[in-house]
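The structure file my_file38.cif is reproduced below (mmCIF, C-alpha atoms and all ligand atoms).
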```
data_input
loop_
_atom_site.group_PDB
_atom_site.id
_atom_site.type_symbol
_atom_site.label_atom_id
_atom_site.label_comp_id
_atom_site.auth_asym_id
_atom_site.auth_seq_id
_atom_site.Cartn_x
_atom_site.Cartn_y
_atom_site.Cartn_z
ATOM 1 C CA MET A 699 89.124 134.893 82.964
ATOM 2 C CA LYS A 700 86.605 133.399 85.417
ATOM 3 C CA GLY A 701 84.320 130.476 84.523
ATOM 4 C CA PRO A 702 81.512 128.262 85.833
ATOM 5 C CA ILE A 703 81.722 125.051 87.845
ATOM 6 C CA GLY A 704 81.169 122.093 85.506
ATOM 7 C CA ILE A 705 79.030 119.169 86.655
ATOM 8 C CA PHE A 706 78.975 115.893 84.753
ATOM 9 C CA ASP A 707 76.911 112.708 84.879
ATOM 10 C CA SER A 708 76.069 109.915 82.467
ATOM 11 C CA GLY A 709 72.471 111.201 82.459
ATOM 12 C CA TYR A 710 70.054 112.754 84.921
ATOM 13 C CA GLY A 711 71.531 111.478 88.208
ATOM 14 C CA GLY A 712 74.076 114.247 88.697
ATOM 15 C CA LEU A 713 71.204 116.715 88.910
ATOM 16 C CA THR A 714 70.457 115.340 92.409
ATOM 17 C CA VAL A 715 73.974 116.418 93.387
ATOM 18 C CA MET A 716 73.797 119.734 91.540
ATOM 19 C CA LYS A 717 70.546 120.520 93.376
ATOM 20 C CA SER A 718 72.356 120.305 96.739
ATOM 21 C CA ILE A 719 75.456 122.115 95.460
ATOM 22 C CA VAL A 720 73.348 125.040 94.230
ATOM 23 C CA GLN A 721 71.561 125.184 97.600
ATOM 24 C CA TYR A 722 74.889 125.335 99.453
ATOM 25 C CA LEU A 723 76.685 127.598 96.964
ATOM 26 C CA PRO A 724 74.021 129.652 95.172
ATOM 27 C CA ASP A 725 76.258 132.496 93.942
ATOM 28 C CA TYR A 726 78.397 130.564 91.467
ATOM 29 C CA ASP A 727 77.702 129.828 87.806
ATOM 30 C CA TYR A 728 77.154 126.202 86.799
ATOM 31 C CA ILE A 729 77.180 124.171 83.583
ATOM 32 C CA TYR A 730 75.674 120.688 83.733
ATOM 33 C CA ILE A 731 76.197 118.067 81.056
ATOM 34 C CA GLY A 732 74.318 114.756 80.976
ATOM 35 C CA ASP A 733 75.547 112.170 78.484
ATOM 36 C CA ASN A 734 72.015 110.827 78.012
ATOM 37 C CA ALA A 735 72.813 109.542 74.520
ATOM 38 C CA ARG A 736 75.281 107.025 75.951
ATOM 39 C CA THR A 737 73.800 106.318 79.377
ATOM 40 C CA PRO A 738 73.937 104.041 81.312
ATOM 41 C CA TYR A 739 77.642 103.812 82.057
ATOM 42 C CA GLY A 740 77.188 101.306 84.889
ATOM 43 C CA ASN A 741 77.715 98.137 82.851
ATOM 44 C CA ARG A 742 80.434 99.511 80.570
ATOM 45 C CA SER A 743 84.170 98.734 80.661
ATOM 46 C CA PHE A 744 86.778 100.883 82.408
ATOM 47 C CA GLU A 745 88.145 102.020 79.031
ATOM 48 C CA THR A 746 84.760 103.098 77.712
ATOM 49 C CA VAL A 747 83.730 104.961 80.880
ATOM 50 C CA TYR A 748 87.112 106.704 80.973
ATOM 51 C CA HIS A 749 86.896 107.651 77.285
ATOM 52 C CA TYR A 750 83.335 109.049 77.572
ATOM 53 C CA THR A 751 84.065 110.874 80.829
ATOM 54 C CA TRP A 752 87.260 112.502 79.558
ATOM 55 C CA GLU A 753 85.411 113.714 76.443
ATOM 56 C CA ALA A 754 82.778 115.401 78.638
ATOM 57 C CA VAL A 755 85.390 116.888 80.985
ATOM 58 C CA LYS A 756 87.370 118.342 78.059
ATOM 59 C CA TRP A 757 84.153 119.846 76.687
ATOM 60 C CA LEU A 758 83.443 121.487 80.070
ATOM 61 C CA PHE A 759 87.004 122.852 80.155
ATOM 62 C CA GLN A 760 86.482 124.280 76.662
ATOM 63 C CA LYS A 761 83.317 125.991 77.966
ATOM 64 C CA GLY A 762 85.597 127.748 80.455
ATOM 65 C CA CYS A 763 85.082 125.649 83.617
ATOM 66 C CA PRO A 764 88.234 125.653 85.772
ATOM 67 C CA LEU A 765 86.701 123.017 88.092
ATOM 68 C CA VAL A 766 84.614 119.961 87.168
ATOM 69 C CA ILE A 767 82.678 117.671 89.508
ATOM 70 C CA LEU A 768 82.086 114.104 88.333
ATOM 71 C CA ALA A 769 78.624 113.785 89.897
ATOM 72 C CA CYS A 770 78.595 110.127 88.914
ATOM 73 C CA ASN A 771 79.964 107.298 91.040
ATOM 74 C CA THR A 772 80.683 105.090 88.036
ATOM 75 C CA ALA A 773 82.760 107.794 86.352
ATOM 76 C CA SER A 774 84.441 108.646 89.672
ATOM 77 C CA ALA A 775 85.308 104.959 90.151
ATOM 78 C CA LYS A 776 86.524 104.265 86.642
ATOM 79 C CA ALA A 777 87.860 107.525 85.202
ATOM 80 C CA LEU A 778 88.792 110.008 87.935
ATOM 81 C CA ARG A 779 92.203 108.664 88.843
ATOM 82 C CA THR A 780 93.447 108.498 85.231
ATOM 83 C CA ILE A 781 92.142 111.992 84.529
ATOM 84 C CA GLN A 782 93.742 113.426 87.696
ATOM 85 C CA GLN A 783 97.055 111.617 87.377
ATOM 86 C CA GLN A 784 97.606 111.388 83.623
ATOM 87 C CA ASN A 785 95.480 113.880 81.691
ATOM 88 C CA LEU A 786 95.418 117.005 83.850
ATOM 89 C CA PRO A 787 99.173 117.374 84.459
ATOM 90 C CA VAL A 788 99.826 117.197 80.705
ATOM 91 C CA ASP A 789 96.821 118.928 79.122
ATOM 92 C CA PHE A 790 95.196 121.201 81.749
ATOM 93 C CA PRO A 791 97.641 121.597 84.656
ATOM 94 C CA THR A 792 95.738 124.368 86.417
ATOM 95 C CA ASN A 793 92.256 122.835 86.133
ATOM 96 C CA ARG A 794 90.790 120.404 88.671
ATOM 97 C CA VAL A 795 88.393 117.458 88.548
ATOM 98 C CA LEU A 796 86.766 116.117 91.721
ATOM 99 C CA GLY A 797 84.692 112.969 92.230
ATOM 100 C CA VAL A 798 81.990 111.865 94.650
ATOM 101 C CA ILE A 799 83.451 108.706 96.189
ATOM 102 C CA ARG A 800 86.212 110.114 98.388
ATOM 103 C CA PRO A 801 84.018 112.835 100.016
ATOM 104 C CA THR A 802 81.328 110.242 100.698
ATOM 105 C CA ALA A 803 83.788 107.740 102.176
ATOM 106 C CA GLU A 804 85.167 110.461 104.464
ATOM 107 C CA VAL A 805 81.889 110.872 106.364
ATOM 108 C CA MET A 806 80.552 107.314 106.478
ATOM 109 C CA ASP A 807 81.604 106.826 110.102
ATOM 110 C CA GLN A 808 79.145 109.590 111.061
ATOM 111 C CA PHE A 809 76.170 107.475 110.030
ATOM 112 C CA THR A 810 76.810 103.917 111.191
ATOM 113 C CA HIS A 811 76.550 102.900 114.864
ATOM 114 C CA ASN A 812 77.473 99.241 114.529
ATOM 115 C CA ARG A 813 80.027 99.833 111.707
ATOM 116 C CA LYS A 814 78.178 97.727 109.123
ATOM 117 C CA ILE A 815 77.422 99.605 105.919
ATOM 118 C CA GLY A 816 75.529 98.390 102.870
ATOM 119 C CA ILE A 817 76.139 99.945 99.467
ATOM 120 C CA LEU A 818 73.713 100.011 96.542
ATOM 121 C CA ALA A 819 75.495 101.011 93.322
ATOM 122 C CA THR A 820 75.959 100.235 89.649
ATOM 123 C CA ARG A 821 77.831 97.085 88.661
ATOM 124 C CA GLY A 822 80.808 99.217 87.590
ATOM 125 C CA THR A 823 81.083 100.979 90.951
ATOM 126 C CA VAL A 824 80.744 97.676 92.833
ATOM 127 C CA GLN A 825 83.328 95.881 90.684
ATOM 128 C CA SER A 826 85.823 98.735 91.041
ATOM 129 C CA GLU A 827 85.734 98.189 94.846
ATOM 130 C CA SER A 828 86.437 101.920 95.168
ATOM 131 C CA TYR A 829 84.158 102.298 98.201
ATOM 132 C CA ILE A 830 85.746 99.351 99.990
ATOM 133 C CA LEU A 831 89.229 100.774 99.338
ATOM 134 C CA GLU A 832 88.384 104.350 100.329
ATOM 135 C CA ILE A 833 86.316 103.541 103.437
ATOM 136 C CA LYS A 834 88.762 100.888 104.703
ATOM 137 C CA LYS A 835 91.675 103.317 104.285
ATOM 138 C CA LEU A 836 89.951 105.800 106.594
ATOM 139 C CA PHE A 837 87.959 103.486 108.903
ATOM 140 C CA PRO A 838 89.487 99.991 108.925
ATOM 141 C CA SER A 839 86.901 98.612 111.370
ATOM 142 C CA ILE A 840 83.884 99.410 109.187
ATOM 143 C CA GLU A 841 82.480 96.370 107.371
ATOM 144 C CA ILE A 842 81.158 97.052 103.866
ATOM 145 C CA PHE A 843 78.635 94.960 101.950
ATOM 146 C CA GLN A 844 77.962 95.812 98.314
ATOM 147 C CA GLN A 845 74.983 95.088 96.061
ATOM 148 C CA ALA A 846 75.043 95.855 92.344
ATOM 149 C CA CYS A 847 71.704 97.141 90.993
ATOM 150 C CA PRO A 848 72.245 96.910 87.216
ATOM 151 C CA LEU A 849 68.617 97.545 86.269
ATOM 152 C CA LEU A 850 67.910 100.661 88.314
ATOM 153 C CA VAL A 851 69.663 103.273 86.140
ATOM 154 C CA PRO A 852 68.113 101.954 82.883
ATOM 155 C CA LEU A 853 64.666 102.011 84.553
ATOM 156 C CA ILE A 854 65.222 105.536 85.906
ATOM 157 C CA GLU A 855 66.639 106.890 82.617
ATOM 158 C CA ASN A 856 63.552 105.481 80.883
ATOM 159 C CA ASN A 857 61.332 107.244 83.395
ATOM 160 C CA GLU A 858 59.847 104.008 84.753
ATOM 161 C CA LEU A 859 59.673 105.417 88.275
ATOM 162 C CA ASP A 860 56.118 104.295 89.061
ATOM 163 C CA ASN A 861 56.257 100.885 87.529
ATOM 164 C CA HIS A 862 55.731 97.525 89.327
ATOM 165 C CA GLY A 863 58.918 96.218 87.682
ATOM 166 C CA THR A 864 60.920 98.969 89.369
ATOM 167 C CA ASP A 865 59.375 98.051 92.745
ATOM 168 C CA PHE A 866 60.268 94.409 92.153
ATOM 169 C CA PHE A 867 63.931 95.175 91.527
ATOM 170 C CA ILE A 868 64.230 97.646 94.415
ATOM 171 C CA LYS A 869 62.854 94.978 96.789
ATOM 172 C CA LYS A 870 65.116 92.318 95.323
ATOM 173 C CA TYR A 871 68.304 94.408 95.578
ATOM 174 C CA ILE A 872 67.582 95.450 99.187
ATOM 175 C CA HIS A 873 66.766 91.826 100.074
ATOM 176 C CA ASP A 874 69.981 90.571 98.424
ATOM 177 C CA LEU A 875 72.031 93.207 100.255
ATOM 178 C CA LEU A 876 70.555 92.386 103.662
ATOM 179 C CA GLN A 877 71.026 88.643 103.010
ATOM 180 C CA GLN A 878 74.769 89.366 103.116
ATOM 181 C CA ASP A 879 74.401 90.661 106.689
ATOM 182 C CA PRO A 880 71.029 91.427 108.286
ATOM 183 C CA GLY A 881 72.871 93.628 110.834
ATOM 184 C CA ILE A 882 73.604 96.386 108.302
ATOM 185 C CA ASP A 883 72.469 99.653 109.964
ATOM 186 C CA THR A 884 73.219 102.113 107.124
ATOM 187 C CA ILE A 885 72.561 101.879 103.397
ATOM 188 C CA LEU A 886 74.458 104.265 101.130
ATOM 189 C CA LEU A 887 72.845 105.133 97.793
ATOM 190 C CA ALA A 888 76.155 105.151 95.912
ATOM 191 C CA CYS A 889 74.664 106.134 92.584
ATOM 192 C CA THR A 890 73.489 109.664 91.990
ATOM 193 C CA HIS A 891 70.392 108.423 90.151
ATOM 194 C CA TYR A 892 68.964 106.542 93.147
ATOM 195 C CA PRO A 893 67.726 109.483 95.302
ATOM 196 C CA VAL A 894 64.869 109.861 92.844
ATOM 197 C CA LEU A 895 63.676 106.430 94.108
ATOM 198 C CA LEU A 896 64.230 107.337 97.768
ATOM 199 C CA LYS A 897 60.552 107.047 98.712
ATOM 200 C CA LYS A 898 60.288 103.512 97.352
ATOM 201 C CA ILE A 899 63.703 102.470 98.688
ATOM 202 C CA THR A 900 62.641 103.708 102.155
ATOM 203 C CA GLU A 901 59.363 101.794 101.870
ATOM 204 C CA TYR A 902 61.165 98.487 101.238
ATOM 205 C CA THR A 903 63.946 98.988 103.801
ATOM 206 C CA PRO A 904 63.529 97.982 107.489
ATOM 207 C CA ILE A 905 62.695 101.118 109.474
ATOM 208 C CA ASP A 906 65.765 100.946 111.732
ATOM 209 C CA ILE A 907 68.181 101.175 108.779
ATOM 210 C CA GLN A 908 69.400 104.655 107.875
ATOM 211 C CA ILE A 909 69.481 105.518 104.167
ATOM 212 C CA VAL A 910 72.147 107.978 103.033
ATOM 213 C CA SER A 911 72.115 109.999 99.777
ATOM 214 C CA GLN A 912 75.166 111.863 98.510
ATOM 215 C CA GLY A 913 73.894 115.310 97.469
ATOM 216 C CA GLU A 914 74.483 117.156 100.728
ATOM 217 C CA ILE A 915 77.695 115.267 101.447
ATOM 218 C CA VAL A 916 79.210 116.338 98.123
ATOM 219 C CA ALA A 917 77.919 119.913 98.507
ATOM 220 C CA GLU A 918 79.489 120.237 101.971
ATOM 221 C CA SER A 919 82.735 118.782 100.735
ATOM 222 C CA LEU A 920 82.852 121.194 97.773
ATOM 223 C CA THR A 921 82.169 124.128 100.105
ATOM 224 C CA ALA A 922 85.125 123.069 102.269
ATOM 225 C CA TYR A 923 87.317 122.495 99.182
ATOM 226 C CA LEU A 924 86.710 126.024 97.894
ATOM 227 C CA LYS A 925 87.541 127.460 101.331
ATOM 228 C CA ARG A 926 90.804 125.500 101.362
ATOM 229 C CA HIS A 927 91.633 126.544 97.776
ATOM 230 C CA PRO A 928 91.134 130.311 97.381
ATOM 231 C CA GLU A 929 93.191 130.209 94.164
ATOM 232 C CA MET A 930 90.480 128.010 92.611
ATOM 233 C CA GLU A 931 87.586 129.831 94.270
ATOM 234 C CA GLY A 932 88.856 133.085 92.725
ATOM 235 C CA ARG A 933 88.618 131.551 89.233
ATOM 236 C CA ILE A 934 84.876 130.764 89.495
ATOM 237 C CA SER A 935 82.378 133.286 88.153
ATOM 238 C CA ARG A 936 79.487 134.440 90.317
ATOM 239 C CA ASN A 937 76.293 135.356 88.501
ATOM 240 C CA SER A 938 74.078 132.507 89.800
ATOM 241 C CA THR A 939 73.508 131.136 86.277
ATOM 242 C CA HIS A 940 72.654 127.503 85.461
ATOM 243 C CA GLU A 941 73.171 126.060 81.987
ATOM 244 C CA PHE A 942 72.102 122.514 81.118
ATOM 245 C CA TYR A 943 73.351 120.433 78.193
ATOM 246 C CA THR A 944 72.391 116.941 77.074
ATOM 247 C CA THR A 945 73.883 114.727 74.379
ATOM 248 C CA ASP A 946 70.368 113.444 73.566
ATOM 249 C CA SER A 947 66.897 114.943 73.139
ATOM 250 C CA THR A 948 66.421 118.327 74.833
ATOM 251 C CA ALA A 949 62.633 117.786 74.941
ATOM 252 C CA ASP A 950 63.103 114.564 76.952
ATOM 253 C CA PHE A 951 65.683 116.236 79.177
ATOM 254 C CA ASN A 952 63.448 119.222 79.916
ATOM 255 C CA GLU A 953 60.569 116.870 80.739
ATOM 256 C CA HIS A 954 62.423 114.455 83.047
ATOM 257 C CA ALA A 955 65.162 116.603 84.627
ATOM 258 C CA PRO A 956 62.887 118.494 87.081
ATOM 259 C CA ALA A 957 62.206 115.228 88.974
ATOM 260 C CA PHE A 958 65.940 115.165 89.772
ATOM 261 C CA PHE A 959 66.750 118.868 90.009
ATOM 262 C CA GLY A 960 63.585 119.994 91.767
ATOM 263 C CA SER A 961 62.839 122.915 89.440
ATOM 264 C CA PRO A 962 62.309 123.537 85.700
ATOM 265 C CA VAL A 963 65.244 122.998 83.366
ATOM 266 C CA LEU A 964 65.824 124.371 79.858
ATOM 267 C CA SER A 965 68.499 122.337 78.134
ATOM 268 C CA GLN A 966 70.621 122.706 75.001
ATOM 269 C CA HIS A 967 71.864 119.909 72.775
ATOM 270 C CA VAL A 968 75.548 119.140 72.390
ATOM 271 C CA ILE A 969 77.589 116.549 70.489
ATOM 272 C CA ILE A 970 80.819 115.715 72.291
HETATM 273 N N1 LIG A 1001 74.663 108.398 88.229
HETATM 274 C C1 LIG A 1001 75.617 107.381 87.869
HETATM 275 C C2 LIG A 1001 76.350 106.896 89.129
HETATM 276 O O1 LIG A 1001 76.343 107.588 90.129
HETATM 277 C C3 LIG A 1001 74.933 106.320 87.052
HETATM 278 C C4 LIG A 1001 75.840 105.528 86.234
HETATM 279 C C5 LIG A 1001 75.234 104.878 85.036
HETATM 280 O O2 LIG A 1001 75.089 105.553 84.033
HETATM 281 O O3 LIG A 1001 74.974 103.665 85.085
HETATM 282 O O4 LIG A 1001 76.959 105.845 89.146
#
```
Starting from the file, give its structure as structure tokens.
Amino acid sequence: MKGPIGIFDSGYGGLTVMKSIVQYLPDYDYIYIGDNARTPYGNRSFETVYHYTWEAVKWLFQKGCPLVILACNTASAKALRTIQQQNLPVDFPTNRVLGVIRPTAEVMDQFTHNRKIGILATRGTVQSESYILEIKKLFPSIEIFQQACPLLVPLIENNELDNHGTDFFIKKYIHDLLQQDPGIDTILLACTHYPVLLKKITEYTPIDIQIVSQGEIVAESLTAYLKRHPEMEGRISRNSTHEFYTTDSTADFNEHAPAFFGSPVLSQHVII
């Protein structure tokens, strides 16, 4: 029995990744779930993020998804390894869960010229040091500077995109990052919520610094994964359908999601 690709995020952010995935791979069916009732995950403990993420992944498996993408850096940093190494082999040995950190780390050398990369992310992603570990493993000479941005996801989830307070914190976080090394030539937006602030982030970033979002990177990596794994590709249904679920208000989700996904969204409510 074939099923859709599941895409998970703590809230709206994963829609920026799903938008790119759908552009690259339009034929497949997709189910998105945003855990808006419990967002943000960025300041929560490892145990809590793991627990919430595994609940959402199990729900997507029950909906028939053979493959789930954690389109959330915080969940990828704090829950992916446990799910891949402990849960899947026991409970769902033929299903797969992929994250967004490894595919992003794999291409970072393509962006930086002077091998100095700055990372803007949630506190949880920064504290996990997952990007430092993954990038250093592949490219030992790249220097990585991290800046936690704990207020950005709460501001975005509350739709405060055009607010002076949001501008203040964007400026502050970019300033604090560049204080660590003014030579940084590439800034990675290592949170799937941040692309919705790209215009403002670009405005407050020196013009010679390249800003990298993850959507296309993850979409390209998924395309390559499905080519390498025909046994998984053959289990994914192809009717170009998109279903959206939220653990909170569907009216709010339908109103705010298009800013992330780029087109109208009709969501359903779910308790997980
Ligand atoms: N989109 C999530 C990420 O990429 C946001 C996490 C949060 O809920 O704080 O990290």
Next item on the list: Run through the PyMOL selection byres (((chain A and resi 761) around 9) and not hetatm) on the given coordinates and return the selected residues as a PyMOL selection string.
Entry: chain A and resi 701-702+704+729+756-760+762-763
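Selecting all polymer residues at most 7 Å from ligand LIG 1001 (chain A), using all atoms listed in the file, gives Asp707, Ser708, Gly709, Gly711, Gly712, Thr737, Pro738, Tyr739, Gly740, Asn741, Ala769, Cys770, Asn771, Thr772, Ala773, Ala819, Thr820, Thr823, Val851, Ala888, Cys889, Thr890 and His891 of chain A.
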Next item on the list: Have a look at A:Ser961, A:Gln782, A:Ser938, A:Ser828 and name the one nearest to A:Thr802; count all atoms listed in the file.
Entry: A:Ser828
Item checked: Near-stretch 870-874 of chain A list (9 Å; only C-alpha atoms; drop same-chain fewer than 5 positions) as a ChimeraX atom specification -> /A:818,845-847,865,899,902-903
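For the atom pair formed by atom CA of A:Ala777 and atom CA of A:Ile799, the distance is 11.9 Å, given to one decimal.
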Check: Hey, what's within 9 Å of A:Phe942 if we count all atoms listed in the file and toss same-chain stuff fewer than 2 positions away? As a PyMOL selection string, please?
Finding: chain A and resi 728-732+940+944+963-967
Next item on the list: Carefully work through the PyMOL selection byres (((chain A and resi 945) around 7) and not hetatm) for this structure and note down the residues it includes, as a PyMOL selection string.
Entry: chain A and resi 732-735+943-944+946+967-969
Next item on the list: Evaluate the PyMOL selection byres (((chain A and resi 839) around 12) and not hetatm) here and jot the selected residues down as an MDAnalysis selection string.
Entry: chainID A and resid 806:807 810:815 830 833:838 840:842
Item checked: Residue nearest A:Phe843 among A:Ile885, A:Thr939, A:Leu765, A:Leu831 (counting all atoms listed in the file) ->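 Of the candidates, the smallest distance to A:Phe843 is held by A:Ile885.
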Check: So how far away is atom CA of A:Val916 from atom CA of A:Gln877, in Å?
Finding: 29.3 Å
Next item on the list: Calculate how many Å separate atom CA of A:Pro764 from atom CA of A:Val894, rounding to one decimal.
Entry: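 Calculated distance between atom CA of A:Pro764 and atom CA of A:Val894 is 29.1 Å.
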Check: For A:Pro852, which residue among A:Gln784, A:Gly932, A:Tyr748, A:Thr864 is the nearest when counting only C-alpha atoms?
Finding: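 The shortest atom-to-atom distance to A:Pro852 comes from A:Thr864.
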Notebook entry, point to check: Pick the closest to A:Arg933 from A:Val824, A:Asn793, A:Asp725, A:Asn785: which is it, counting only C-alpha atoms?
Noted result: A:Asn793
Margin query: Within 10 Å of (77.9, 130.7, 95.2) in the file's own coordinates, which protein, DNA or RNA residues have an atom, counting all atoms listed in the file? List them as a PyMOL selection string.
Written below: chain A and resi 719-728+921+931+934-939
Next item on the list: May I ask which of the residues A:Gln878, A:Gln912, A:Leu713, A:Leu778 is the closest one to A:Val795, counting all atoms listed in the file?
Entry: A:Leu778
Checklist line | Counting only C-alpha atoms, the residue of A:Ala955, A:Leu859, A:Met930, A:Ala949 that sits nearest A:Lys700 | finding: A:Met930
Please return as an mmCIF file with C-alpha atoms, in the frame of the given file every residue within 7 Å of (76.2, 110.6, 106.5), taking into account all atoms listed in the file and the file's own coordinates.
```cif
data_model
loop_
_atom_site.group_PDB
_atom_site.id
_atom_site.type_symbol
_atom_site.label_atom_id
_atom_site.label_comp_id
_atom_site.auth_asym_id
_atom_site.auth_seq_id
_atom_site.Cartn_x
_atom_site.Cartn_y
_atom_site.Cartn_z
ATOM 1 C CA VAL A 805 81.889 110.872 106.364
ATOM 2 C CA MET A 806 80.552 107.314 106.478
ATOM 3 C CA GLN A 808 79.145 109.590 111.061
ATOM 4 C CA PHE A 809 76.170 107.475 110.030
ATOM 5 C CA VAL A 910 72.147 107.978 103.033
#
```
